[in-house]
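Q: One file is attached below, coords-v6.cif, containing mmCIF, C-alpha atoms and all ligand atoms.
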```cif
data_protein
loop_
_atom_site.label_atom_id
_atom_site.label_comp_id
_atom_site.auth_asym_id
_atom_site.auth_seq_id
_atom_site.Cartn_x
_atom_site.Cartn_y
_atom_site.Cartn_z
CA MET A 19 -26.50 121.19 69.76
CA THR A 20 -26.03 117.68 68.44
CA ALA A 21 -22.98 117.17 66.27
CA SER A 22 -23.08 115.81 62.76
CA ILE A 23 -21.36 112.45 62.65
CA ILE A 24 -18.39 112.27 60.28
CA ASP A 25 -18.74 108.98 58.42
CA GLY A 26 -15.13 107.93 57.92
CA PHE A 27 -16.26 104.54 56.71
CA ALA A 28 -18.16 106.06 53.78
CA VAL A 29 -15.44 108.59 52.92
CA ALA A 30 -12.85 105.79 53.00
CA ALA A 31 -14.97 103.68 50.63
CA GLU A 32 -15.15 106.64 48.21
CA LEU A 33 -11.39 107.10 48.44
CA ARG A 34 -10.72 103.42 47.75
CA GLU A 35 -12.98 103.60 44.68
CA GLN A 36 -11.06 106.66 43.49
CA VAL A 37 -7.74 104.79 43.97
CA ALA A 38 -9.12 101.81 42.03
CA ARG A 39 -10.14 104.06 39.12
CA GLU A 40 -6.86 105.94 39.03
CA ALA A 41 -4.81 102.73 39.37
CA ALA A 42 -6.68 101.32 36.35
CA ASP A 43 -5.84 104.51 34.41
CA LEU A 44 -2.17 104.23 35.36
CA LYS A 45 -2.12 100.64 34.14
CA ALA A 46 -3.76 101.65 30.85
CA THR A 47 -1.50 104.64 30.20
CA HIS A 48 1.83 103.47 31.63
CA GLY A 49 1.50 99.68 32.02
CA ILE A 50 2.21 99.97 35.76
CA VAL A 51 0.32 98.26 38.58
CA PRO A 52 1.12 99.86 41.96
CA GLY A 53 2.75 97.24 44.18
CA LEU A 54 2.68 97.21 47.99
CA ALA A 55 5.05 94.91 49.90
CA VAL A 56 3.92 94.11 53.44
CA VAL A 57 6.42 92.60 55.86
CA LEU A 58 5.11 90.79 58.93
CA VAL A 59 7.64 89.46 61.43
CA GLY A 60 6.42 87.15 64.19
CA GLU A 61 3.04 85.97 65.43
CA ASP A 62 1.42 89.04 67.06
CA PRO A 63 -2.34 88.39 66.51
CA ALA A 64 -3.30 92.10 66.26
CA SER A 65 -0.56 92.67 63.66
CA ALA A 66 -1.79 89.67 61.66
CA VAL A 67 -5.31 91.19 61.57
CA TYR A 68 -3.98 94.62 60.51
CA VAL A 69 -1.91 93.02 57.74
CA ARG A 70 -4.86 90.95 56.54
CA ASN A 71 -7.05 94.09 56.32
CA LYS A 72 -4.37 95.98 54.42
CA LEU A 73 -3.89 93.14 51.93
CA LYS A 74 -7.66 92.86 51.42
CA ALA A 75 -7.95 96.60 50.68
CA THR A 76 -4.97 96.40 48.32
CA ALA A 77 -6.64 93.65 46.28
CA GLU A 78 -9.99 95.49 46.25
CA CYS A 79 -8.31 98.59 44.81
CA GLY A 80 -6.70 96.55 42.03
CA LEU A 81 -3.19 97.09 43.43
CA LYS A 82 -0.67 94.29 43.66
CA SER A 83 0.26 93.07 47.12
CA LEU A 84 3.28 91.06 48.07
CA GLU A 85 3.27 89.53 51.53
CA PHE A 86 6.47 88.56 53.34
CA LYS A 87 6.15 86.59 56.58
CA LEU A 88 9.20 86.03 58.74
CA SER A 89 9.29 83.97 61.92
CA GLU A 90 9.30 85.41 65.45
CA SER A 91 12.97 84.38 65.71
CA ALA A 92 14.04 86.19 62.51
CA THR A 93 17.29 88.11 62.92
CA GLU A 94 17.73 91.82 62.31
CA GLU A 95 20.07 90.96 59.41
CA GLU A 96 17.32 88.92 57.74
CA VAL A 97 14.81 91.74 57.99
CA LEU A 98 17.34 94.31 56.76
CA ALA A 99 18.27 92.05 53.82
CA LEU A 100 14.59 91.75 52.86
CA VAL A 101 14.10 95.53 53.00
CA LYS A 102 17.18 96.01 50.77
CA ARG A 103 15.77 93.52 48.27
CA LEU A 104 12.40 95.30 48.21
CA ASN A 105 14.11 98.70 47.84
CA ALA A 106 15.77 97.39 44.68
CA ASP A 107 12.64 95.75 43.19
CA PRO A 108 11.05 98.03 40.55
CA ALA A 109 7.67 96.24 40.90
CA VAL A 110 7.48 97.40 44.55
CA HIS A 111 6.28 100.98 44.97
CA GLY A 112 5.45 100.83 48.67
CA ILE A 113 7.10 98.98 51.56
CA LEU A 114 5.31 98.57 54.85
CA VAL A 115 6.94 96.86 57.81
CA GLN A 116 4.22 96.04 60.34
CA LEU A 117 5.09 97.20 63.85
CA PRO A 118 5.82 96.15 66.54
CA LEU A 119 8.85 94.08 65.56
CA PRO A 120 10.19 91.33 67.87
CA LYS A 121 12.54 92.69 70.53
CA GLN A 122 15.79 91.44 68.91
CA ILE A 123 15.14 93.80 65.96
CA ASP A 124 15.80 97.54 66.08
CA SER A 125 12.69 99.12 64.49
CA ASP A 126 14.38 102.46 63.87
CA LYS A 127 17.17 100.72 61.96
CA VAL A 128 14.67 98.79 59.80
CA LEU A 129 12.41 101.79 59.11
CA GLY A 130 15.47 103.93 58.42
CA LEU A 131 16.64 101.51 55.72
CA ILE A 132 13.39 101.71 53.72
CA ASP A 133 13.88 103.81 50.58
CA PRO A 134 12.15 107.12 51.51
CA ASP A 135 10.55 107.08 48.03
CA LYS A 136 8.84 103.75 48.87
CA ASP A 137 8.04 104.66 52.49
CA VAL A 138 4.24 104.65 52.12
CA ASP A 139 3.80 104.68 55.91
CA GLY A 140 5.63 108.03 55.97
CA PHE A 141 7.65 107.05 59.06
CA HIS A 142 11.14 107.63 57.58
CA PRO A 143 12.92 110.70 59.02
CA VAL A 144 13.39 111.99 55.45
CA ASN A 145 9.62 112.06 54.95
CA ALA A 146 9.09 113.65 58.39
CA GLY A 147 11.56 116.34 57.28
CA ARG A 148 9.89 116.80 53.90
CA LEU A 149 6.53 117.28 55.64
CA SER A 150 7.95 119.81 58.04
CA VAL A 151 9.51 121.96 55.28
CA GLY A 152 6.57 121.53 52.88
CA LEU A 153 8.25 119.33 50.25
CA PRO A 154 6.34 116.52 48.53
CA GLY A 155 6.76 113.19 50.30
CA PHE A 156 4.74 110.57 52.10
CA VAL A 157 2.47 111.74 54.91
CA PRO A 158 1.65 109.10 57.56
CA CYS A 159 -1.70 107.52 56.76
CA THR A 160 -3.66 108.32 59.95
CA PRO A 161 -3.00 112.09 59.94
CA ARG A 162 -3.50 112.21 56.16
CA GLY A 163 -6.88 110.51 56.55
CA SER A 164 -7.85 112.76 59.46
CA GLN A 165 -6.96 115.86 57.44
CA ILE A 166 -9.10 114.68 54.52
CA LEU A 167 -12.06 114.43 56.90
CA ILE A 168 -11.38 117.91 58.29
CA ASP A 169 -11.00 119.35 54.75
CA ARG A 170 -14.47 118.15 53.85
CA ILE A 171 -15.99 120.22 56.64
CA MET A 172 -13.63 123.18 56.87
CA PRO A 173 -11.22 123.40 53.91
CA ASP A 174 -9.71 126.70 55.02
CA LEU A 175 -8.44 126.83 58.58
CA SER A 176 -7.05 130.39 58.39
CA GLY A 177 -7.75 132.14 61.67
CA LYS A 178 -8.87 128.88 63.29
CA THR A 179 -7.33 127.29 66.34
CA ALA A 180 -6.38 123.61 66.31
CA VAL A 181 -5.31 121.48 69.25
CA VAL A 182 -3.72 118.07 68.79
CA ILE A 183 -3.50 115.92 71.93
CA GLY A 184 -0.55 113.54 71.55
CA ARG A 185 2.94 114.12 70.15
CA SER A 186 3.83 110.76 68.62
CA ASN A 187 5.89 110.67 65.43
CA ILE A 188 3.21 108.69 63.59
CA VAL A 189 0.11 110.68 64.54
CA GLY A 190 0.41 113.79 66.74
CA LYS A 191 3.41 115.56 65.19
CA PRO A 192 2.52 115.00 61.50
CA MET A 193 -1.11 115.93 62.26
CA ALA A 194 0.07 119.23 63.70
CA GLN A 195 2.21 119.85 60.59
CA LEU A 196 -0.76 119.27 58.29
CA LEU A 197 -2.99 121.62 60.29
CA LEU A 198 -0.24 124.24 60.20
CA GLN A 199 -0.03 123.88 56.39
CA LYS A 200 -3.76 124.65 56.35
CA ASN A 201 -3.00 127.90 58.21
CA ALA A 202 -4.48 126.88 61.56
CA THR A 203 -2.90 128.18 64.74
CA VAL A 204 -1.76 124.89 66.24
CA THR A 205 -1.08 123.71 69.77
CA ILE A 206 0.32 120.25 70.51
CA ALA A 207 -0.80 119.07 73.95
CA HIS A 208 0.64 116.01 75.69
CA SER A 209 1.04 114.21 78.98
CA ARG A 210 2.89 117.16 80.58
CA THR A 211 0.41 119.83 79.46
CA LYS A 212 -1.16 121.79 82.32
CA ASP A 213 -4.94 122.20 82.43
CA LEU A 214 -5.60 120.12 79.32
CA PRO A 215 -9.38 120.73 79.41
CA ALA A 216 -8.82 124.51 79.16
CA VAL A 217 -6.36 124.06 76.27
CA CYS A 218 -8.87 121.83 74.45
CA ARG A 219 -11.65 124.39 74.93
CA THR A 220 -9.69 126.83 72.71
CA ALA A 221 -9.89 124.45 69.72
CA ASP A 222 -12.02 124.96 66.63
CA VAL A 223 -10.47 121.66 65.52
CA LEU A 224 -9.60 119.13 68.22
CA VAL A 225 -7.67 115.96 67.37
CA ALA A 226 -7.28 113.36 70.11
CA ALA A 227 -4.45 110.85 69.57
CA VAL A 228 -3.65 109.70 73.06
CA GLY A 229 -4.59 106.08 73.69
CA ARG A 230 -6.66 106.83 76.83
CA PRO A 231 -10.24 105.55 76.61
CA LEU A 232 -12.96 108.24 76.75
CA MET A 233 -10.57 110.84 78.20
CA VAL A 234 -11.90 113.94 76.38
CA LYS A 235 -15.25 114.94 77.89
CA GLY A 236 -18.01 117.10 76.46
CA ASP A 237 -17.10 120.03 78.71
CA TRP A 238 -13.55 120.07 77.22
CA ILE A 239 -14.98 120.94 73.82
CA LYS A 240 -15.67 124.37 72.35
CA PRO A 241 -19.27 124.51 71.11
CA GLY A 242 -19.38 123.77 67.37
CA ALA A 243 -15.81 122.41 67.17
CA ILE A 244 -14.71 119.65 64.79
CA VAL A 245 -13.59 116.67 66.89
CA ILE A 246 -11.40 113.98 65.33
CA ASP A 247 -10.98 110.93 67.55
CA VAL A 248 -7.93 108.90 66.52
CA GLY A 249 -7.86 106.68 69.61
CA ILE A 250 -8.51 102.96 69.40
CA ASN A 251 -8.90 101.49 72.87
CA ARG A 252 -10.26 98.13 73.95
CA ILE A 253 -12.29 98.26 77.16
CA GLU A 254 -14.65 95.88 78.96
CA VAL A 255 -18.31 96.82 79.35
CA ASP A 256 -20.57 94.34 81.20
CA GLY A 257 -17.93 91.65 80.71
CA LYS A 258 -17.77 92.22 76.96
CA GLY A 259 -14.94 93.74 74.93
CA LYS A 260 -15.68 97.05 73.22
CA ILE A 261 -13.63 99.44 71.07
CA VAL A 262 -13.81 103.10 72.11
CA GLY A 263 -11.92 106.23 71.21
CA ASP A 264 -10.09 108.82 73.30
CA VAL A 265 -13.21 111.00 73.27
CA ASP A 266 -16.29 110.39 75.41
CA PHE A 267 -18.52 110.34 72.34
CA ASP A 268 -21.87 110.60 74.17
CA SER A 269 -21.06 113.84 76.00
CA ALA A 270 -18.90 115.26 73.18
CA LYS A 271 -21.56 114.95 70.49
CA GLU A 272 -23.83 117.25 72.50
CA VAL A 273 -21.29 120.09 72.19
CA ALA A 274 -19.24 119.52 69.02
CA GLY A 275 -20.30 120.66 65.55
CA ALA A 276 -18.98 117.50 63.90
CA ILE A 277 -17.35 114.42 65.36
CA THR A 278 -15.83 111.13 64.19
CA PRO A 279 -17.19 107.97 65.81
CA VAL A 280 -15.04 105.01 66.90
CA PRO A 281 -15.21 102.63 65.12
CA ARG A 282 -16.03 103.81 61.55
CA GLY A 283 -14.27 107.15 61.87
CA VAL A 284 -10.54 107.62 61.40
CA GLY A 285 -9.67 103.88 61.33
CA PRO A 286 -10.96 103.14 57.79
CA MET A 287 -9.32 106.35 56.51
CA THR A 288 -5.91 105.06 57.60
CA ILE A 289 -6.09 102.05 55.30
CA ALA A 290 -7.58 104.08 52.43
CA CYS A 291 -4.65 106.52 52.70
CA LEU A 292 -2.19 103.64 52.57
CA MET A 293 -3.73 102.79 49.19
CA LEU A 294 -3.51 106.45 48.15
CA ASN A 295 0.15 106.67 49.19
CA THR A 296 0.97 103.50 47.22
CA LEU A 297 -0.77 104.88 44.13
CA ASP A 298 1.08 108.21 44.54
CA SER A 299 4.38 106.34 44.76
CA ALA A 300 3.71 104.33 41.58
CA ARG A 301 2.68 107.52 39.76
CA ARG A 302 5.87 109.31 40.82
CA SER A 303 8.01 106.36 39.72
CA ALA A 304 6.25 106.48 36.33
CA GLY A 305 6.72 110.25 36.06
CA ALA A 306 2.91 110.55 36.07
CA ALA A 307 2.54 112.43 39.35
P1 LIG A 401 1.57 107.05 71.50
O1 LIG A 401 1.44 106.24 72.76
O2 LIG A 401 2.81 106.93 70.70
O3 LIG A 401 1.39 108.59 71.88
C1 LIG A 401 0.40 109.01 72.77
C2 LIG A 401 0.60 110.47 73.07
O4 LIG A 401 -0.41 110.86 73.99
C3 LIG A 401 1.93 110.82 73.69
O5 LIG A 401 2.52 111.85 72.94
C4 LIG A 401 1.62 111.32 75.10
O6 LIG A 401 2.36 112.46 75.46
C5 LIG A 401 0.15 111.69 75.00
N1 LIG A 401 -0.53 111.42 76.27
C6 LIG A 401 -0.51 110.28 76.99
N2 LIG A 401 -1.26 110.43 78.10
C7 LIG A 401 -1.75 111.67 78.07
C8 LIG A 401 -2.60 112.40 78.94
N3 LIG A 401 -3.08 111.86 80.04
N4 LIG A 401 -2.89 113.67 78.59
C9 LIG A 401 -2.42 114.22 77.45
N5 LIG A 401 -1.64 113.56 76.59
C10 LIG A 401 -1.29 112.31 76.91
O7 LIG A 401 0.27 106.73 70.66
P2 LIG A 401 -0.05 106.91 69.08
O8 LIG A 401 0.66 105.87 68.32
O9 LIG A 401 0.09 108.33 68.70
O10 LIG A 401 -1.60 106.51 69.10
C11 LIG A 401 -2.55 107.24 69.84
C12 LIG A 401 -3.89 106.56 69.78
O11 LIG A 401 -4.30 106.49 68.42
C13 LIG A 401 -3.89 105.10 70.25
O12 LIG A 401 -5.16 104.81 70.84
C14 LIG A 401 -3.74 104.29 68.99
O13 LIG A 401 -4.30 102.99 69.09
C15 LIG A 401 -4.55 105.14 68.05
N6 LIG A 401 -4.16 105.00 66.63
C16 LIG A 401 -5.18 104.87 65.76
C17 LIG A 401 -4.92 104.77 64.42
C18 LIG A 401 -6.07 104.66 63.46
O14 LIG A 401 -5.92 104.16 62.37
N7 LIG A 401 -7.25 105.15 63.86
C19 LIG A 401 -3.60 104.79 63.94
C20 LIG A 401 -2.57 104.97 64.86
C21 LIG A 401 -2.87 105.08 66.22
#
```
As structure tokens, please, write out the structure in this file.
Ligand code: NAD
A:
Amino acid sequence: MTASIIDGFAVAAELREQVAREAADLKATHGIVPGLAVVLVGEDPASAVYVRNKLKATAECGLKSLEFKLSESATEEEVLALVKRLNADPAVHGILVQLPLPKQIDSDKVLGLIDPDKDVDGFHPVNAGRLSVGLPGFVPCTPRGSQILIDRIMPDLSGKTAVVIGRSNIVGKPMAQLLLQKNATVTIAHSRTKDLPAVCRTADVLVAAVGRPLMVKGDWIKPGAIVIDVGINRIEVDGKGKIVGDVDFDSAKEVAGAITPVPRGVGPMTIACLMLNTLDSARRSAGAA
């Protein structure tokens, strides 16, 4: 069997177009333009690229972006004061603080100060709680995007088995919550799991969010399974840099029913869902949700 390739790039483009249309409607009916504030502290080059991509997508969707750059030596008080100001600004519907923050700043303290109703990254403990008890809130963008891809192939997961490898707060745990909401029987595997290949072979839906290049091999996969590869890993091949996922795509695609590639799989969905979360936030603030 050769798997169908899940084109996250194309689905993300569709989603961004949908956000652009709905944002234009919101402006016409309520006079509101969804506003996303992005805070970048320091000079980390990867963070600067991520922020640039997010701002570009924001503009393309017709949303308003506000960029705040603070120096590497910014104090925790300065960052907290900025977050407070953005919390109070009615033109700001989403606040994103790009991680990692310089070491003198406590990330948990900063993320914890963001108004949960503007927390479009979905990292605030209040939103994690809302997700776990099934209340409306912000779902972290990468799991939300992954779930949209899964929904397109298998909208009803009743009676299906899902395995998520990785238990981070931003990917693994919220991903497991979403799969549970879809009635899958969910296992979260992690670095202490025994016989990981055997656990993975039980999965009708397998999500890898580990950060280990090419770890999941074809013989770990149940024939016909949906495989969602969240990993983004930089490796060297023949002296050249290459981005690969956590799944060994070449062997996995021979066994899986459907699989996301890296790049052009989950990555573009993450940014599209940030746009979607910002639109949702503006709609809620306008009472148009
Ligand atoms: P993390 O380091 O916070 O968590 C990794 C998890 O993997 C941990 O829970 C750990 O227990 C588990 N793990 C580590 N080694 C393992 C092993 N050998 N066997 C089984 N489990 C193991 O990482 P994260 O933030 O959740 O990100 C995971 C991957 O997803 C990374 O490659 C990251 O770059 C990528 N990522 C991609 C996107 C995207 O937009 N596509 C977004 C966020 C993260």
Q: Tell me, as a list of chain:residue names, which residues lie within 12 Å of Gly147 of chain A, counting all atoms listed in the file; anything in the same chain fewer than 5 positions away does not count.
A: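 Near neighbours after the sequence-gap exclusion: A:Pro134, A:Gly140, A:Phe141, A:His142, A:Gly152, A:Leu153, A:Pro154, A:Gly155, A:Phe156, A:Val157, A:Asn187, A:Lys191, A:Pro192, A:Gln195.
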Q: Rounded to one decimal, what separation in Å do you get between atom CA of Ala276 of chain A and atom CA of Asn71 of chain A?
A: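 About the pair atom CA of Ala276 of chain A and atom CA of Asn71 of chain A: they are 27.3 Å apart.
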Q: Kindly compile the residues surrounding ligand LIG 401 (chain A) within 8 Å, counting only C-alpha atoms and all ligand atoms, and format them as a compact mmCIF listing (two decimals) with C-alpha atoms, in the frame of the given file.
A:
```
# COMPACT_ATOMS: atom_id res chain seq x y z
CA CYS A 159 -1.70 107.52 56.76
CA THR A 160 -3.66 108.32 59.95
CA ILE A 183 -3.50 115.92 71.93
CA GLY A 184 -0.55 113.54 71.55
CA ARG A 185 2.94 114.12 70.15
CA SER A 186 3.83 110.76 68.62
CA ASN A 187 5.89 110.67 65.43
CA ILE A 188 3.21 108.69 63.59
CA VAL A 189 0.11 110.68 64.54
CA GLY A 190 0.41 113.79 66.74
CA ALA A 207 -0.80 119.07 73.95
CA HIS A 208 0.64 116.01 75.69
CA SER A 209 1.04 114.21 78.98
CA ARG A 210 2.89 117.16 80.58
CA THR A 211 0.41 119.83 79.46
CA LEU A 214 -5.60 120.12 79.32
CA ALA A 226 -7.28 113.36 70.11
CA ALA A 227 -4.45 110.85 69.57
CA VAL A 228 -3.65 109.70 73.06
CA GLY A 229 -4.59 106.08 73.69
CA ARG A 230 -6.66 106.83 76.83
CA PRO A 231 -10.24 105.55 76.61
CA MET A 233 -10.57 110.84 78.20
CA ASP A 247 -10.98 110.93 67.55
CA VAL A 248 -7.93 108.90 66.52
CA GLY A 249 -7.86 106.68 69.61
CA ILE A 250 -8.51 102.96 69.40
CA ASN A 251 -8.90 101.49 72.87
CA GLY A 263 -11.92 106.23 71.21
CA ASP A 264 -10.09 108.82 73.30
CA GLY A 283 -14.27 107.15 61.87
CA VAL A 284 -10.54 107.62 61.40
CA GLY A 285 -9.67 103.88 61.33
CA PRO A 286 -10.96 103.14 57.79
CA MET A 287 -9.32 106.35 56.51
CA THR A 288 -5.91 105.06 57.60
CA ILE A 289 -6.09 102.05 55.30
```
Q: Got a sec: who's within 8 Å of Gly236 of chain A, counting only C-alpha atoms, leaving out chain neighbours fewer than 4 positions off, as a PDB file with C-alpha atoms, keeping the file's coordinate frame?
A:
```pdb
ATOM      1  CA  ASP A 266     -16.290 110.390  75.410  1.00  0.00           C
ATOM      2  CA  PHE A 267     -18.520 110.340  72.340  1.00  0.00           C
ATOM      3  CA  ASP A 268     -21.870 110.600  74.170  1.00  0.00           C
ATOM      4  CA  SER A 269     -21.060 113.840  76.000  1.00  0.00           C
ATOM      5  CA  ALA A 270     -18.900 115.260  73.180  1.00  0.00           C
ATOM      6  CA  LYS A 271     -21.560 114.950  70.490  1.00  0.00           C
ATOM      7  CA  GLU A 272     -23.830 117.250  72.500  1.00  0.00           C
ATOM      8  CA  VAL A 273     -21.290 120.090  72.190  1.00  0.00           C
ATOM      9  CA  ALA A 274     -19.240 119.520  69.020  1.00  0.00           C
TER      10      ALA A 274
END
```
Q: Between atom CA of Glu78 of chain A and atom CA of Leu33 of chain A, what is the spacing in Å?
A: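 That distance, rounded to one decimal, is 11.9 Å.
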Q: May I ask for the distance between atom CA of Lys212 of chain A and atom CA of Gly163 of chain A, given in Å to one decimal place?
A: 28.7 Å
Q: Please complete segment 245-254 of chain A so it has all heavy atoms, and hand it over as a compact mmCIF listing (two decimals), keeping the file's coordinate frame.
A:
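Okay, selection.txt is ready:
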```
# COMPACT_ATOMS: atom_id res chain seq x y z
N VAL A 245 -14.33 117.57 66.00
CA VAL A 245 -13.59 116.67 66.89
C VAL A 245 -13.22 115.40 66.12
O VAL A 245 -14.09 114.71 65.59
CB VAL A 245 -14.44 116.31 68.14
CG1 VAL A 245 -13.68 115.33 69.03
CG2 VAL A 245 -14.80 117.58 68.92
N ILE A 246 -11.91 115.16 66.04
CA ILE A 246 -11.40 113.98 65.33
C ILE A 246 -10.79 113.04 66.38
O ILE A 246 -9.82 113.39 67.06
CB ILE A 246 -10.32 114.39 64.30
CG1 ILE A 246 -10.85 115.41 63.30
CG2 ILE A 246 -9.75 113.15 63.60
CD1 ILE A 246 -11.91 114.93 62.33
N ASP A 247 -11.40 111.88 66.51
CA ASP A 247 -10.98 110.93 67.55
C ASP A 247 -10.15 109.83 66.91
O ASP A 247 -10.67 108.94 66.23
CB ASP A 247 -12.23 110.35 68.22
CG ASP A 247 -11.89 109.52 69.44
OD1 ASP A 247 -10.69 109.32 69.72
OD2 ASP A 247 -12.84 109.08 70.13
N VAL A 248 -8.83 109.89 67.13
CA VAL A 248 -7.93 108.90 66.52
C VAL A 248 -7.81 107.64 67.39
O VAL A 248 -7.48 106.57 66.91
CB VAL A 248 -6.53 109.54 66.29
CG1 VAL A 248 -5.54 108.53 65.75
CG2 VAL A 248 -6.63 110.74 65.34
N GLY A 249 -8.11 107.77 68.66
CA GLY A 249 -7.86 106.68 69.61
C GLY A 249 -8.58 105.39 69.27
O GLY A 249 -9.71 105.40 68.78
N ILE A 250 -7.89 104.29 69.50
CA ILE A 250 -8.51 102.96 69.40
C ILE A 250 -8.17 102.24 70.70
O ILE A 250 -7.01 101.88 70.92
CB ILE A 250 -7.96 102.15 68.21
CG1 ILE A 250 -8.23 102.88 66.88
CG2 ILE A 250 -8.58 100.76 68.17
CD1 ILE A 250 -7.67 102.16 65.66
N ASN A 251 -9.15 102.09 71.57
CA ASN A 251 -8.90 101.49 72.87
C ASN A 251 -9.89 100.36 73.11
O ASN A 251 -11.08 100.51 72.84
CB ASN A 251 -9.10 102.54 73.99
CG ASN A 251 -8.31 103.82 73.73
OD1 ASN A 251 -7.10 103.82 73.81
ND2 ASN A 251 -9.02 104.90 73.40
N ARG A 252 -9.36 99.25 73.61
CA ARG A 252 -10.26 98.13 73.95
C ARG A 252 -10.58 98.19 75.43
O ARG A 252 -9.67 98.21 76.25
CB ARG A 252 -9.56 96.79 73.64
CG ARG A 252 -9.56 96.49 72.17
CD ARG A 252 -8.70 95.30 71.77
NE ARG A 252 -8.73 95.17 70.32
CZ ARG A 252 -7.98 95.89 69.48
NH1 ARG A 252 -7.13 96.78 69.97
NH2 ARG A 252 -8.09 95.74 68.19
N ILE A 253 -11.88 98.25 75.75
CA ILE A 253 -12.29 98.26 77.16
C ILE A 253 -13.32 97.15 77.36
O ILE A 253 -13.82 96.57 76.41
CB ILE A 253 -12.89 99.62 77.60
CG1 ILE A 253 -14.15 99.96 76.78
CG2 ILE A 253 -11.87 100.74 77.51
CD1 ILE A 253 -14.97 101.10 77.38
N GLU A 254 -13.61 96.88 78.65
CA GLU A 254 -14.65 95.88 78.96
C GLU A 254 -15.89 96.59 79.45
O GLU A 254 -15.81 97.46 80.33
CB GLU A 254 -14.15 94.95 80.06
CG GLU A 254 -13.18 93.92 79.59
CD GLU A 254 -13.51 92.51 80.08
OE1 GLU A 254 -14.26 92.38 81.06
OE2 GLU A 254 -13.02 91.55 79.46
```
